[in-house]
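Visitor: Got a structure here, written out as structure tokens. Questions coming.
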Amino acid sequence: MIFPPYLKTGDAIGIVAPARKMNLNELEFAIRWWEEKGFYVVLGKHLFATHHQYAGADAARLEDLQNMLNDNRIKAVFCARGGYGTLRIIDQLDFLGFNLEPKWICGFSDITVLHSHLHQNCNVATIHAAMPVSMNGNNMENIETLYKTLIGERQCYQWNAHLMNRSGACTGQLVGGNLSLLYALSGSVSDIDTVGKILFIEDVDEYLYHIDRMMLQLKRAGKLVRLAGLLVGSFTKMRDNEVAFGNTFEQIIYEHCSEYDFPIAFNFPAGHDEVNVAIKLGANYIMTVETTKTILKEK
């Protein structure tokens, strides 16, 4: 796995919007915070464009992201927000220049498309973390863990055990992201390999039966059978039909992993929730699931 150079004071970082639209007010805190840290912030030309729900038409979003990938001055690219739209442009991106001089790609949710595609096709590590639109003064842990990761500090996270955890320890490359996007990428050139790896999943605003269907797809596609471990982040705003599905999302996930013996850790503080700490997808981690706590440490 290739790791882009870590950031140093004075480096340029770019902000683009490959998915949903936003406005300047939503980004002011993040821009000011990174500038105060000593970085030069470059905004995409079409960052505040609007086309239906998107931050500009496909061609505009593609141009912005391609420019950031090609610009050797830019050492990290922040995707401003998620939503939907990255899948519409992924196949038109040219990664030739990026492969010659890799840089950190940061984001989560819809940005799982970029994470997965870069891992499978470029062998480059990326950062799953809070995005500029959600950075504010209410929870500095998110932005601080991203900053520390970008400057090269290895992170170690510890959180309370969940009743449905499966104890054990494992070591492996961390991959994954948003479950709905992993599901959407299945069978494509951007589909991830999970053999011997720690799979991270999270999701938001999904029906419970959708979670069941997506977990079944992962299982049937062989994505679970040879996992080193499963790391489950936040599954927020889960929905149900009038006729209840009958299981919680934790029970659904555990059921489809019941025939395997890898450790499972729920409640990792990453995903669509107030706390969304940074993790380095593509890096090797040690996950230790104990009866009272879980520890995830970059190796």
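Ligands are numbered from 1 in the order shown, chains are lettered A, B, ... in the order of the structure tokens, and residues start at 1 in each chain.
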Based on DSSP run over this structure's backbone, return all residues of stretch 30-274 of chain A in strand (DSSP E or B), as an NGL selection string.

Guide: :A and (40-43 or 51 or 54 or 74-79 or 104-107 or 124 or 126-128 or 156-160 or 166 or 168-178 or 198-204 or 207 or 229-236 or 239 or 264-265)

Visitor: Identify, on the basis of only C-alpha atoms, every residue whose closest approach to stretch 281-292 of chain A does not exceed 9 Å; exclude the query and any residue fewer than 3 positions from it along the same chain; express the result as an mmCIF file with N, CA and C atoms, in the first residue's frame.

Guide:
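As written to disk, out34.cif reads:
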data_model
loop_
_atom_site.group_PDB
_atom_site.id
_atom_site.type_symbol
_atom_site.label_atom_id
_atom_site.label_comp_id
_atom_site.auth_asym_id
_atom_site.auth_seq_id
_atom_site.Cartn_x
_atom_site.Cartn_y
_atom_site.Cartn_z
ATOM 1 N N MET A 1 0.847 -1.201 0.000
ATOM 2 C CA MET A 1 0.000 0.000 0.000
ATOM 3 C C MET A 1 0.876 1.242 0.000
ATOM 4 N N ILE A 2 0.546 2.194 -0.843
ATOM 5 C CA ILE A 2 1.286 3.444 -0.954
ATOM 6 C C ILE A 2 0.664 4.486 -0.025
ATOM 7 N N PHE A 3 1.506 5.164 0.765
ATOM 8 C CA PHE A 3 1.037 6.214 1.666
ATOM 9 C C PHE A 3 1.539 7.557 1.159
ATOM 10 N N HIS A 115 -12.547 6.059 -1.923
ATOM 11 C CA HIS A 115 -11.727 5.188 -1.088
ATOM 12 C C HIS A 115 -11.552 3.829 -1.758
ATOM 13 N N HIS A 119 -8.104 2.240 -3.574
ATOM 14 C CA HIS A 119 -7.456 1.073 -2.973
ATOM 15 C C HIS A 119 -7.282 -0.036 -3.998
ATOM 16 N N ASN A 123 -3.787 1.342 -5.304
ATOM 17 C CA ASN A 123 -3.067 0.856 -4.122
ATOM 18 C C ASN A 123 -2.597 1.997 -3.231
ATOM 19 N N VAL A 124 -3.448 3.016 -3.092
ATOM 20 C CA VAL A 124 -3.107 4.206 -2.310
ATOM 21 C C VAL A 124 -4.026 4.311 -1.097
ATOM 22 N N ALA A 125 -3.440 4.572 0.059
ATOM 23 C CA ALA A 125 -4.210 4.751 1.286
ATOM 24 C C ALA A 125 -4.962 6.078 1.263
ATOM 25 N N THR A 126 -6.110 6.116 1.938
ATOM 26 C CA THR A 126 -6.941 7.314 2.024
ATOM 27 C C THR A 126 -7.400 7.490 3.466
ATOM 28 N N ILE A 127 -8.081 8.596 3.734
ATOM 29 C CA ILE A 127 -8.519 8.876 5.106
ATOM 30 C C ILE A 127 -10.033 9.017 5.166
ATOM 31 N N HIS A 128 -10.658 8.159 5.966
ATOM 32 C CA HIS A 128 -12.097 8.220 6.238
ATOM 33 C C HIS A 128 -12.266 9.136 7.443
ATOM 34 N N TRP A 159 -12.873 2.328 23.112
ATOM 35 C CA TRP A 159 -14.260 2.634 23.439
ATOM 36 C C TRP A 159 -14.891 1.456 24.163
ATOM 37 N N ASN A 160 -16.042 1.722 24.800
ATOM 38 C CA ASN A 160 -16.695 0.718 25.624
ATOM 39 C C ASN A 160 -17.206 -0.462 24.799
ATOM 40 N N ALA A 161 -17.212 -1.614 25.417
ATOM 41 C CA ALA A 161 -17.685 -2.833 24.757
ATOM 42 C C ALA A 161 -19.191 -2.764 24.507
ATOM 43 N N HIS A 162 -19.629 -3.511 23.514
ATOM 44 C CA HIS A 162 -21.045 -3.652 23.189
ATOM 45 C C HIS A 162 -21.457 -5.078 23.523
ATOM 46 N N LEU A 163 -22.703 -5.255 23.938
ATOM 47 C CA LEU A 163 -23.167 -6.581 24.346
ATOM 48 C C LEU A 163 -23.082 -7.610 23.225
ATOM 49 N N ASN A 165 -20.723 -7.648 20.850
ATOM 50 C CA ASN A 165 -19.359 -7.848 20.352
ATOM 51 C C ASN A 165 -18.977 -9.323 20.390
ATOM 52 N N ARG A 166 -18.050 -9.696 19.527
ATOM 53 C CA ARG A 166 -17.458 -11.034 19.606
ATOM 54 C C ARG A 166 -15.979 -10.845 19.901
ATOM 55 N N SER A 167 -15.556 -11.322 21.062
ATOM 56 C CA SER A 167 -14.197 -11.076 21.536
ATOM 57 C C SER A 167 -13.153 -11.747 20.652
ATOM 58 N N GLY A 168 -11.963 -11.177 20.699
ATOM 59 C CA GLY A 168 -10.846 -11.707 19.943
ATOM 60 C C GLY A 168 -9.920 -10.590 19.520
ATOM 61 N N ALA A 169 -8.840 -10.964 18.890
ATOM 62 C CA ALA A 169 -7.877 -9.978 18.398
ATOM 63 C C ALA A 169 -7.509 -10.323 16.963
ATOM 64 N N CYS A 170 -7.264 -9.277 16.174
ATOM 65 C CA CYS A 170 -6.890 -9.509 14.785
ATOM 66 C C CYS A 170 -6.009 -8.371 14.296
ATOM 67 N N THR A 171 -5.276 -8.656 13.263
ATOM 68 C CA THR A 171 -4.442 -7.662 12.594
ATOM 69 C C THR A 171 -4.724 -7.725 11.103
ATOM 70 N N GLY A 172 -4.875 -6.577 10.483
ATOM 71 C CA GLY A 172 -5.126 -6.578 9.050
ATOM 72 C C GLY A 172 -5.262 -5.174 8.504
ATOM 73 N N GLN A 173 -5.269 -5.105 7.199
ATOM 74 C CA GLN A 173 -5.479 -3.827 6.523
ATOM 75 C C GLN A 173 -6.932 -3.408 6.701
ATOM 76 N N LEU A 174 -7.138 -2.144 7.045
ATOM 77 C CA LEU A 174 -8.492 -1.631 7.262
ATOM 78 C C LEU A 174 -9.076 -1.132 5.939
ATOM 79 N N VAL A 175 -10.251 -1.648 5.594
ATOM 80 C CA VAL A 175 -10.928 -1.247 4.358
ATOM 81 C C VAL A 175 -12.398 -1.002 4.663
ATOM 82 N N GLY A 176 -13.122 -0.427 3.694
ATOM 83 C CA GLY A 176 -14.563 -0.303 3.864
ATOM 84 C C GLY A 176 -15.060 1.120 3.781
ATOM 85 N N GLY A 177 -16.130 1.385 4.531
ATOM 86 C CA GLY A 177 -16.781 2.686 4.496
ATOM 87 C C GLY A 177 -18.276 2.528 4.615
ATOM 88 N N LYS A 197 -8.628 -8.960 5.745
ATOM 89 C CA LYS A 197 -8.655 -7.560 6.157
ATOM 90 C C LYS A 197 -9.699 -7.301 7.244
ATOM 91 N N ILE A 198 -9.577 -6.148 7.875
ATOM 92 C CA ILE A 198 -10.586 -5.687 8.827
ATOM 93 C C ILE A 198 -11.557 -4.818 8.053
ATOM 94 N N GLY A 229 -11.480 -9.332 10.674
ATOM 95 C CA GLY A 229 -12.342 -8.797 11.716
ATOM 96 C C GLY A 229 -13.352 -7.848 11.113
ATOM 97 N N LEU A 231 -15.439 -4.258 11.926
ATOM 98 C CA LEU A 231 -15.527 -3.049 12.736
ATOM 99 C C LEU A 231 -16.790 -2.305 12.318
ATOM 100 N N PRO A 263 -13.353 -11.639 15.128
ATOM 101 C CA PRO A 263 -13.882 -10.697 16.129
ATOM 102 C C PRO A 263 -14.755 -9.629 15.496
ATOM 103 N N ILE A 264 -15.770 -9.216 16.249
ATOM 104 C CA ILE A 264 -16.696 -8.173 15.805
ATOM 105 C C ILE A 264 -16.764 -7.098 16.875
ATOM 106 N N ALA A 265 -16.611 -5.849 16.463
ATOM 107 C CA ALA A 265 -16.674 -4.725 17.402
ATOM 108 C C ALA A 265 -17.719 -3.723 16.931
ATOM 109 N N ILE A 295 -10.138 -1.888 21.423
ATOM 110 C CA ILE A 295 -9.034 -1.010 21.069
ATOM 111 C C ILE A 295 -8.707 -1.198 19.590
ATOM 112 N N LEU A 296 -8.600 -0.095 18.871
ATOM 113 C CA LEU A 296 -8.176 -0.114 17.480
ATOM 114 C C LEU A 296 -6.923 0.750 17.393
ATOM 115 N N LYS A 297 -5.839 0.130 16.992
ATOM 116 C CA LYS A 297 -4.543 0.823 16.977
ATOM 117 C C LYS A 297 -3.853 0.597 15.653
ATOM 118 N N GLU A 298 -3.383 1.691 15.044
ATOM 119 C CA GLU A 298 -2.613 1.539 13.816
ATOM 120 C C GLU A 298 -1.298 0.858 14.119
ATOM 121 N N LYS A 299 -0.992 -0.129 13.310
ATOM 122 C CA LYS A 299 0.220 -0.933 13.552
ATOM 123 C C LYS A 299 1.473 -0.167 13.146
#

Visitor: Looking at only C-alpha atoms, which of A:Val204, A:Val232, A:Val195, A:Val41 is the one that sits closest to A:Asn267?

Guide: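 Distance minimum relative to A:Asn267 lands on A:Val232.
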
Visitor: As JSON, numbers by chain, please: every residue in stretch 173-237 of chain A that DSSP puts in alpha helix (DSSP H).

Guide: {"A": [179, 180, 181, 182, 183, 184, 185, 208, 209, 210, 211, 212, 213, 214, 215, 216, 217, 218, 219, 220]}

Visitor: When you draw a straight line from atom CA of A:Ser109 to atom CA of A:Leu182, how long is it in Å?

Guide: 10.2 Å

Visitor: Name the closest residue to A:Gly107 among the candidates A:Ser188, A:Ala59, A:Ala80, A:Leu87; distances are taken between atoms, counting only C-alpha atoms.

Guide: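 Going through A:Ser188, A:Ala59, A:Ala80, A:Leu87 one by one, the smallest distance to A:Gly107 is for A:Ala80.
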
Visitor: Find the spatial neighbours of A:Phe98, counting only C-alpha atoms, within a cut-off of 12 Å - ignore same-chain residues fewer than 4 positions away - and output them as a PyMOL selection string.

Guide: chain A and resi 2+4+65-77+93-94+102-105+118+121-124

Visitor: Compare A:Pro5, A:Phe48, A:Tyr254, A:Lys21 by their minimum atom-to-atom distance to A:Met164, counting only C-alpha atoms, and give me the closest one.

Guide: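 So, comparing all the options, the nearest one is A:Tyr254.
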
Visitor: I'd like a table as a tab-separated table: residues in stretch 135-219 of chain A with an atom no more than 9 Å from stretch 233-237 of chain A, each row giving the shortest atom pair and its distance in Å to one decimal, only C-alpha atoms counted, sorted by chain and rising residue number.

Guide:
residue	atom	partner	partner_atom	distance
A:Phe200	CA	A:Gly233	CA	7.1
A:Ile201	CA	A:Gly233	CA	6.0
A:Glu202	CA	A:Gly233	CA	4.8
A:Asp203	CA	A:Phe235	CA	4.8
A:Val204	CA	A:Thr236	CA	4.8
A:Asp205	CA	A:Lys237	CA	4.8
A:Glu206	CA	A:Lys237	CA	7.2
A:Tyr207	CA	A:Lys237	CA	9.0

Visitor: Measure the distance from atom CA of A:Ile90 to atom CA of A:Ser190 in Å and round it to one decimal.

Guide: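 Answer for the atom CA of A:Ile90 to atom CA of A:Ser190 separation: 8.9 Å.
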
Visitor: If you measure from atom CA of A:Leu216 to atom CA of A:Gly196, what distance in Å do you get, rounded to one decimal?

Guide: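 According to the coordinates, atom CA of A:Leu216 and atom CA of A:Gly196 are separated by 19.3 Å.
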
Visitor: For A:Val16, work out the shell of residues within 6 Å, counting only C-alpha atoms and skipping chain neighbours fewer than 6 positions away, then give it as a list of chain:residue names.

Guide: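 The contact residues come out as A:Gly44, A:Leu47, A:Cys79, A:Ala80.
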
Visitor: Would you list the contacts of A:Asn25 as number ranges by chain, taking every protein, DNA or RNA residue within 12 Å and counting only C-alpha atoms, but skipping same-chain residues closer than 3 positions in sequence?

Guide: A: 22, 28-32, 48, 132-136
